[in-house]
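This report refers to the structure that appears directly beneath it.
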Amino acid sequence: MSARHTLLQRQLRKFFPGVVPEDAEAFIEAVGLAYQQFDDDRRMLERSLELSSKELIEANNELRAVFEAVPDLFFRIDPTGRILDYKSGTQKGLHAPPSRLVGTRIQSSPITGLGAKFDEAIRNAIERRTIVTIDYSMPRNGDVDYFEARLVPLPMHDEIVVIIRDITKRKHTEEELKSGLSLLKSTLESTTDGILVVDKQGAIIEYNHRFANMWRIPADVLESRNDDHALAHVLEQLIDAQQFLDKVRELYADPLAESVDVLEFKDGRVFERHSIPQIIDGEPVGRVWSFRDVTARTRAEKQLVHDAIHDALTGLPNRALFMDRLEQALRRSKRHLDHVFALLFVDLDRFKVVNDSLGHLVGDELLMRIAERIRGCIRPADTVARLGGDEFTVLLDDIVQPEDAIRAAERIQTVVSAPVALREKEIFTTVSIGIAISAPHYVRAEELLRDADIAMYRAKAMGRAGHALFHPGMHSTAVERLQLENDLRRAVDRDEIVMHYQPIVRLDDTRIIGFEALVRWNHPERGLMVPKEFLALAEETGLIIPIGRWTLRESCARMKQWQRTFGREDLSISVNLSGRQLTHPSFVADLESVLRETQLPPRTLALEITETVLMENSHAAMQTLARLREIGVQVHIDDFGTGYSSLSYLHRFPIDTLKIDRSFISHIETGDENLEIIRTIMNLADNLKISVVAEGVENEMQRTQLLALRCHAAQGHYFSMPAEETAVQTMLGRDGAQASGLPVRRRPAPADMTT
Amino acid sequence: MHVEQRRWTTIDGWNRDPGELRDAQLVFAFASTGVCESSAPFDDLARAYPNAEIIGCSTAGEIFETQVTDETLVSAAVRFDSTRVRATRVHIADAADSFTAGRMLAASLPHEDLVHVLVFSEGLKVNGTDLVQGLGAALPKNVTVTGGLAGDGHRFDHTYVVWKGRPERVGLVAVGLYGRALRIGYASLGGWDPFGPERMITRSRDNVLYELDGKSALALYKDYLGEHAADLPASGLLFPLSLRTSTDNAPVVRTILGVDEEQQSMTFAGDMPEGGYARLMKANFDRLIDGAGGAAKISYEAVGSISPDLALLISCVGRKMVLQQRIEEEVESVRQVLGAGTKLTGFYSYGEISPFTPDARCELHNQTMTITTLVERDGER
């Protein structure tokens with residue numbers, strides 16, 4: 001210790017003015033040291049105090065700055081609620097500016113109920129020593145402000161810090177959200193779609209009642225928010241649960257994707273399912289699924305589709321569906337060369353007859369019955385369809401050999417031929433069946449259909465109630481036929497139809513009493529064709545009507561001309577009539593028109609109808625013949641003896657002449673049989689007061705025989721071949737002067753003609 | 001039990017010869033680090049008490065009756081009537097950490113009939129908090145522990161622990177006291193007041209403190225110490241820290257042990273956990289003295305309000321720094337409470353080990369006067 005403490009020095013000077021005693025040296029030093037220490041300590045303390053205070057002031061300032069930055073109102077209250085002080089970033093929050101409220105109790109707010117609210121909050125905060133939060137509102141300029149007050153009891157003191165925050169904006173937002181939410185909820189509940197909202201993990205967030213009902217998920221399962229449980233409920237109702245899960249997985253892997261698909265239920269319901277992501281600020285936060293029950297609509301659609309491909313009357317597949325199946329079978333046979341199939345074209349024989357005679361209702365019923373029968377005798381894998389009218393087709397898919405198809409056709413014929421009981425009647429029908437077998441050369445399904453059709457026609461042509469297997473030869477026949485048909489159509493316009501006339505003469509003096517008009521076709525390639533070669537075609541195609549009309553007109557006109565030219569008003573013209581013409585509704589009208597036009601006396605016109613045609617169309621013929629009788633036209637039965645006439649019909653029909661078929665005449669000299677038949681016919685005619693003409697007289701002996709049998713008129717090659725117009729004119733010119741090279745006889749009176 | 005006290009100085013040697021306690025079982029030896037480096041007094045002790053466990057440590061001051069001295073050795077030999085003694089030691093290198101060391105110490109003492117453990121530990125490298133926890137983990141619940149960390153005056157350089165009569169640098173020693181006749185009292189009181197703001201420990205590692213409130217702790221200390229900053233770490237004792245963690249409600253006092261200018265860190269005698277709150281403390285003279293007296297009172301009452309035979313005083317070097325010339329006043333106040341018949345021995349340490357109060361958990365304290373009173377009474381417990 002170099003320098004003594006100043007205080008010590010002073011004290012020493014004061015109490016020991018002289019010299020310090022030697023042995024007190026140590027003592028004095030110790031004292032000095034103590035003084036020094038005390039000074040040090042004091043300085044240290046002063047320093048500490050200063051530093052501490054500075055630190056505290058700084059901390060305080062920082063704190064105040066923070067308070068001022070925060071837009072809340074802070075103040076301290078004592079346990080009675082008296083406001084001690086405040087720090088404020090705002091003036092709002094209490095019923096007056098905070099500066100005016102210091103020293104007053106916070107419960108003394110004039111706002112109704114606020115004081116009590118604060119009172120209770122203060123008590124709670126103090127008792128429970130936890131933070132208490134309350135909400136309240138204060139009116140301002142007609143509006144309302146909302147505040148939140150937080151009471152924080154201070155741990156050390158018995159004071160509470162109150163923080164008041166203006167939450168008006170938040171409140172408004174909350175209100176908006178609430179009303180928006182309420183609107184959403186009612187929208188959600190009013191829709192008929194089932195809505196389900198899930199989060200990104202697939203957990204259920206929200207759903208509407210319709211959803212719960214549609215999926216029949218019990219309320220407790222949904223409320224438990226146990227999604228696996230709910231999902232299990234869903235999956236077990238579906239036919240394809242895997243498809244459902246796959247789709248869900250797919251969409252969760254792609255949160256922004258949208259999708260629409262269809263769900264099928266085991267109980268037959270069908271739902272349409274839509275899914276869109278739920279996006280907030282561009283980020284997917286979940287997914288919304290909506291479900292619509294489209295069962296009824298689907299059913300209706302299915303029905304439409306069904307109706308589009310099925311026949312309304314029989315319920316069988318229609319042409320469209322059948323052709324589709326046929327195409328598939330064809331494609332299959334192209335892929336697998338050992339896959340063989342057959343097409344049966346089934347046509348009801350004479351359906352038209354039933355329809356016309358018994359009416360359309362019966363006809364429809366018949367079709368339905370036949371459809372059932374056919375369906376009943378084919379395999380489930382095969383298809384029977386109704387193409388239309390009375391045409392059915394059968395697809396025998398995957399047969400082993402063609403015989404299978406033939407057997408099938410036979411089976412069909414058997415079942416169809418059994419009588420059908422309809423409306424207290426028993427109806428018998430048969431079918432003609434054309435069979436086409438698949439083969440590598442077929443390219444399109446239509447070809448098979450065409451070939452089966454052709455085969456069917458062949459079956460019909462062969463006599464109906466049968467079946468025919470198509471072979472390529474039929475093709476050419478069909479093609480030929482088609483060609484011929486086309487030619488025939490144009491034949492009339494091209495003046496290819498010509499009339500030849502064969503004279504009908506008196507057997508005694510071979511005087512010409514009339515002509516039979518015979519139609520010929522001058523085919524440009526084939527040459528002159530006789531009716532046998534084209535008349536059946538004409539009948540089938542209906543061309544017989546226009547041709548027949550032309551023939552009739554031409555014949556009448558020609559005869560009228562000859563009558564005038566040669567002064568032979570007694571000459572008659574015979575025109576052949578087909579069944580078709582006979583039953584044609586406008587036939588009589590047409591005839592009358594021709595007679596008017598040509599001015600031919602009706603009694604000089606004879607219409608020749610074959611015995612067979614008359615019998616087949618007896619009902620319709622009866623009426624027409626009666627009309628003809630009224631008009632005055634004659635009716636001749638042609639080819640008599642070859643048909644199955646009922647004698648009663650013969651008696652009832654207004655007939656003028658029987659023409660004995662040539663087959664009886666040509667063998668007249670060979671046996672007695674024919675002679676007897678002729679004799680019988682002669683007797684019959686005699687009894688019925690009908691005249692007779694013999695056809696096909698070829699020689700003198702026949703002529704003599706017939707004369708002996710008292711047959712008076714005939715035609716045949718013996719007298720003349722059918723001749724063209726010009727030849728006829730020549731004949732007529734010479735007639736009465738042995739033009740035909742036959743003995744001349746006197747001109748018979750018209751009265752003689754009738755015996 | 002009988003206690004015999006002696007003191008040795010370099011110049012004058014022993015103040016008296018050994019008496020009739022040749023058969024003492026336990027001898028406490030506390031000496032300055034300087035004296036620890038000479039072998040003479042330890043040889044003498046070994047000769048004087050050939051059957052005793054001679055244990056102790058280096059100090060920041062030696063207590064002999066009501067006197068506090070430096071650069072001396074004080075010994076207190078104890079002959080117990082029935083209490084048994086076991087001593088144990090752990091090499092600091094053998095323990096991966098202080099916790100393990102404490103556990104090993106405790107585990108190496110037999111536990112049957114064990115009443116109390118006295119611990120003397122190396123003072124600068126050991127984490128006192130962990131050591132105490134390790135001790136507590138391995139000892140039965142009813143066994144109490146008191147003790148202290150060895151000191152090195154104001155130098156904070158290196159300390160010694162006395163084992164089998166020899167000072168060594170790297171050990172921790174413990175003495176177990178066994179027997180139903182022994183009565184132990186203990187207490188630890190401070191006398192420091194926190195002042196100023198609470199600061200959060202924002203960066204620290206175990207017992208090394210770097211930052212308070214994001215700013216350098218060392219810089220803060222230098223501010224407060226002013227010209228005394230030059231005497232760090234010793235001068236740091238003038239401002240211990242009051243440490244409060246969220247789990248403890250009662251704060252503890254932490255003394256500085258060292259300073260690292262490069263790291264800008266300060267090492268304390270115990271843990272300074274991040275997130276804890278620290279406040280500077282200043283000494284209150286009167287309370288320091290009263291604290292010593294208060295501790296004495298508590299430990300006195302703990303043994304039945306009778307004068308104990310021996311009182312072991314382990315006081316903090318920080319108190320010595322503050323009280324300076326008046327240091328002996330605290331020891332005197334202890335004497336006043338315990339009575340003239342009690343032998344007082346002890347030392348100034350770098351950390352004190354004791355429960356706060358008889359029922360509390362054992363802790364590491366700083367800046368305290370820790371008193372352990374011992375009384376042997378037949379049949380009583």
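Starting from 1 in every chain, residues are counted up; chains themselves are A, B, ... following the order of the structure tokens, and ligands are numbered from 1 as listed.
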Original post:
Mind listing as a ChimeraX atom specification which residues of chain A are within 10 Å of chain B, counting only C-alpha atoms?
Top reply: /A:30-31,33-34,37,40-41,43-45,47-56,59
Could those residues be written to a file, using N, CA and C atoms, as a CSV table (one decimal), in the first residue's frame?
```csv
chain,number,residue,atom,x,y,z
A,30,ALA,N,-3.8,-2.1,8.0
A,30,ALA,CA,-5.0,-2.9,7.9
A,30,ALA,C,-6.3,-2.0,7.8
A,31,VAL,N,-6.3,-1.0,8.6
A,31,VAL,CA,-7.4,-0.1,8.6
A,31,VAL,C,-7.5,0.6,7.3
A,33,LEU,N,-6.4,-0.4,4.5
A,33,LEU,CA,-6.9,-1.4,3.5
A,33,LEU,C,-8.4,-1.5,3.5
A,34,ALA,N,-8.9,-1.6,4.8
A,34,ALA,CA,-10.3,-1.7,4.9
A,34,ALA,C,-11.0,-0.5,4.3
A,37,GLN,N,-11.0,-0.8,0.7
A,37,GLN,CA,-12.0,-1.8,0.2
A,37,GLN,C,-13.4,-1.3,0.2
A,40,ASP,N,-13.9,0.9,-2.7
A,40,ASP,CA,-14.0,0.1,-3.8
A,40,ASP,C,-15.4,-0.5,-4.0
A,41,ASP,N,-15.8,-1.1,-2.9
A,41,ASP,CA,-17.1,-1.7,-2.9
A,41,ASP,C,-18.2,-0.7,-3.3
A,43,ARG,N,-17.9,2.1,-4.9
A,43,ARG,CA,-17.8,2.5,-6.3
A,43,ARG,C,-18.4,1.4,-7.2
A,44,MET,N,-18.1,0.2,-6.9
A,44,MET,CA,-18.6,-1.0,-7.6
A,44,MET,C,-20.1,-1.0,-7.6
A,45,LEU,N,-20.7,-0.7,-6.4
A,45,LEU,CA,-22.1,-0.7,-6.3
A,45,LEU,C,-22.7,0.4,-7.1
A,47,ARG,N,-21.5,1.8,-9.7
A,47,ARG,CA,-21.4,1.5,-11.1
A,47,ARG,C,-22.5,0.5,-11.5
A,48,SER,N,-22.6,-0.5,-10.7
A,48,SER,CA,-23.6,-1.5,-11.0
A,48,SER,C,-25.0,-0.9,-11.1
A,49,LEU,N,-25.3,0.0,-10.1
A,49,LEU,CA,-26.6,0.7,-10.1
A,49,LEU,C,-26.8,1.4,-11.4
A,50,GLU,N,-25.7,2.2,-11.8
A,50,GLU,CA,-25.9,3.0,-13.0
A,50,GLU,C,-26.1,2.1,-14.2
A,51,LEU,N,-25.3,1.1,-14.4
A,51,LEU,CA,-25.4,0.2,-15.5
A,51,LEU,C,-26.8,-0.4,-15.6
A,52,SER,N,-27.2,-0.9,-14.4
A,52,SER,CA,-28.5,-1.6,-14.3
A,52,SER,C,-29.6,-0.7,-14.7
A,53,SER,N,-29.6,0.5,-14.2
A,53,SER,CA,-30.6,1.5,-14.5
A,53,SER,C,-30.7,1.7,-16.0
A,54,LYS,N,-29.5,2.0,-16.6
A,54,LYS,CA,-29.5,2.2,-18.0
A,54,LYS,C,-30.1,1.1,-18.8
A,55,GLU,N,-29.7,-0.1,-18.4
A,55,GLU,CA,-30.3,-1.3,-19.1
A,55,GLU,C,-31.8,-1.3,-19.0
A,56,LEU,N,-32.2,-1.0,-17.8
A,56,LEU,CA,-33.7,-1.1,-17.6
A,56,LEU,C,-34.4,-0.1,-18.4
A,59,ALA,N,-34.5,-1.2,-22.0
A,59,ALA,CA,-35.5,-2.2,-22.1
A,59,ALA,C,-36.9,-1.7,-22.1
```
Hey, which bits of stretch 402-430 of chain A sit within 12 Å of stretch 434-437 of chain A, and for each residue what's the closest pair of atoms and how far apart in Å (one decimal), counting only C-alpha atoms, rows by chain and increasing number, as JSON lines?
```
{"residue": "A:Pro402", "atom": "CA", "partner": "A:Ile437", "partner_atom": "CA", "distance": 6.8}
{"residue": "A:Glu403", "atom": "CA", "partner": "A:Ile437", "partner_atom": "CA", "distance": 10.2}
{"residue": "A:Asp404", "atom": "CA", "partner": "A:Ile437", "partner_atom": "CA", "distance": 10.4}
{"residue": "A:Ala405", "atom": "CA", "partner": "A:Ile435", "partner_atom": "CA", "distance": 7.3}
{"residue": "A:Ile406", "atom": "CA", "partner": "A:Ile435", "partner_atom": "CA", "distance": 7.5}
{"residue": "A:Arg407", "atom": "CA", "partner": "A:Ile435", "partner_atom": "CA", "distance": 10.9}
{"residue": "A:Ala408", "atom": "CA", "partner": "A:Ile435", "partner_atom": "CA", "distance": 10.0}
{"residue": "A:Ala409", "atom": "CA", "partner": "A:Ile435", "partner_atom": "CA", "distance": 8.0}
{"residue": "A:Glu410", "atom": "CA", "partner": "A:Ile435", "partner_atom": "CA", "distance": 11.2}
{"residue": "A:Ile412", "atom": "CA", "partner": "A:Gly434", "partner_atom": "CA", "distance": 12.0}
{"residue": "A:Gln413", "atom": "CA", "partner": "A:Gly434", "partner_atom": "CA", "distance": 11.8}
```
Keeping only N, CA, C and O atoms, take the residues you just selected and write them out as a tab-separated table (two decimals), in the first residue's frame.
```
chain	number	residue	atom	x	y	z
A	402	PRO	N	-71.97	-78.45	-93.83
A	402	PRO	CA	-73.19	-77.92	-94.44
A	402	PRO	C	-74.44	-78.73	-94.08
A	402	PRO	O	-75.53	-78.18	-93.99
A	403	GLU	N	-74.28	-80.02	-93.85
A	403	GLU	CA	-75.44	-80.85	-93.51
A	403	GLU	C	-76.15	-80.32	-92.28
A	403	GLU	O	-77.36	-80.46	-92.12
A	404	ASP	N	-75.37	-79.73	-91.38
A	404	ASP	CA	-75.99	-79.17	-90.17
A	404	ASP	C	-77.01	-78.11	-90.55
A	404	ASP	O	-78.09	-78.04	-89.96
A	405	ALA	N	-76.65	-77.32	-91.56
A	405	ALA	CA	-77.56	-76.25	-91.98
A	405	ALA	C	-78.81	-76.84	-92.61
A	405	ALA	O	-79.93	-76.38	-92.36
A	406	ILE	N	-78.60	-77.87	-93.40
A	406	ILE	CA	-79.75	-78.50	-94.07
A	406	ILE	C	-80.69	-79.12	-93.04
A	406	ILE	O	-81.91	-78.96	-93.12
A	407	ARG	N	-80.09	-79.74	-92.05
A	407	ARG	CA	-80.92	-80.34	-91.00
A	407	ARG	C	-81.69	-79.26	-90.25
A	407	ARG	O	-82.86	-79.45	-89.92
A	408	ALA	N	-81.01	-78.16	-90.05
A	408	ALA	CA	-81.69	-77.06	-89.37
A	408	ALA	C	-82.87	-76.58	-90.19
A	408	ALA	O	-83.96	-76.34	-89.68
A	409	ALA	N	-82.64	-76.46	-91.48
A	409	ALA	CA	-83.72	-76.03	-92.38
A	409	ALA	C	-84.88	-77.02	-92.32
A	409	ALA	O	-86.05	-76.62	-92.26
A	410	GLU	N	-84.56	-78.30	-92.31
A	410	GLU	CA	-85.63	-79.31	-92.24
A	410	GLU	C	-86.40	-79.19	-90.93
A	410	GLU	O	-87.62	-79.28	-90.89
A	412	ILE	N	-86.82	-76.57	-89.18
A	412	ILE	CA	-87.67	-75.39	-89.25
A	412	ILE	C	-88.93	-75.70	-90.05
A	412	ILE	O	-90.05	-75.36	-89.63
A	413	GLN	N	-88.72	-76.38	-91.14
A	413	GLN	CA	-89.89	-76.69	-91.95
A	413	GLN	C	-90.88	-77.56	-91.20
A	413	GLN	O	-92.08	-77.36	-91.32
```
Using only C-alpha atoms, determine which residues lie at most 12 Å from A:Leu8, disregarding the query and same-chain residues fewer than 3 positions distant; provide the list as a compact mmCIF listing (two decimals) with C-alpha atoms, in the first residue's frame.
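So result.txt came out as:
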```
# COMPACT_ATOMS: atom_id res chain seq x y z
CA ALA A 3 -0.44 5.85 -0.51
CA ARG A 4 -2.53 5.96 2.59
CA HIS A 5 -6.16 6.45 2.36
CA GLN A 11 -7.90 10.76 11.06
CA LEU A 12 -4.30 10.08 11.89
CA ARG A 13 -3.49 13.75 11.65
CA LYS A 14 -6.48 14.53 13.87
CA PHE A 15 -6.02 11.85 16.53
CA PHE A 16 -2.28 11.28 16.31
CA VAL A 20 2.51 7.22 14.37
CA PHE A 27 -2.83 -1.97 12.41
CA ILE A 28 -2.92 1.30 10.53
CA GLU A 29 -2.21 -0.49 7.28
CA ALA A 30 -5.04 -2.93 7.91
CA VAL A 31 -7.41 -0.06 8.61
CA GLY A 32 -6.30 1.80 5.51
CA LEU A 33 -6.86 -1.37 3.51
CA ALA A 34 -10.31 -1.70 4.94
CA TYR A 35 -11.14 1.90 3.99
CA GLN A 36 -9.88 1.23 0.49
```
Subject >> Long-range neighbours of B:Ala101 as an MDAnalysis selection string, 10 Å cut-off, only C-alpha atoms, 3 positions minimum in chain >> reply: chainID B and resid 89:98 104:107 121 126 130:132 134:135 171:172
**OP:** Considering only C-alpha atoms, return as a ChimeraX atom specification whatever protein or nucleic-acid residues lie within 8 Å of stretch 651-663 of chain A, sequence-local ones (same chain, fewer than 2 positions apart) excluded.
**Re:** /A:622,625-626,629,634-642,647-649,665-667,678,685,688,690-697
**OP:** Taking the chain letters and numbering used in this document, name the residues of stretch 466-548 of chain A that DSSP puts in helix (DSSP H, G or I), as a PyMOL selection string.
**Re:** chain A and resi 472-491+531-541+544-548
Subject >> Polymer residues at most 6 Å from A:Val152, only C-alpha atoms, same-chain spacing of 6 or more positions, as a PyMOL selection string >> reply: chain A and resi 131+160-161
Original post:
Leaving out stretch 68-80 of chain B and any residue of its chain fewer than 6 positions from it, which residues lie within 6 Å of it when counting only C-alpha atoms, given as JSON, numbers by chain?
Top reply: {"B": [1, 2, 3, 4, 5, 6, 7, 8, 9, 24, 25, 26, 27, 28, 29, 30, 31, 32, 61, 62]}
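Minimum atom-to-atom distances from B:Gly148, B:Gly304, B:Gly56, B:Gly191 to B:Gly165 were compared using only C-alpha atoms, and the lowest value belongs to B:Gly56.
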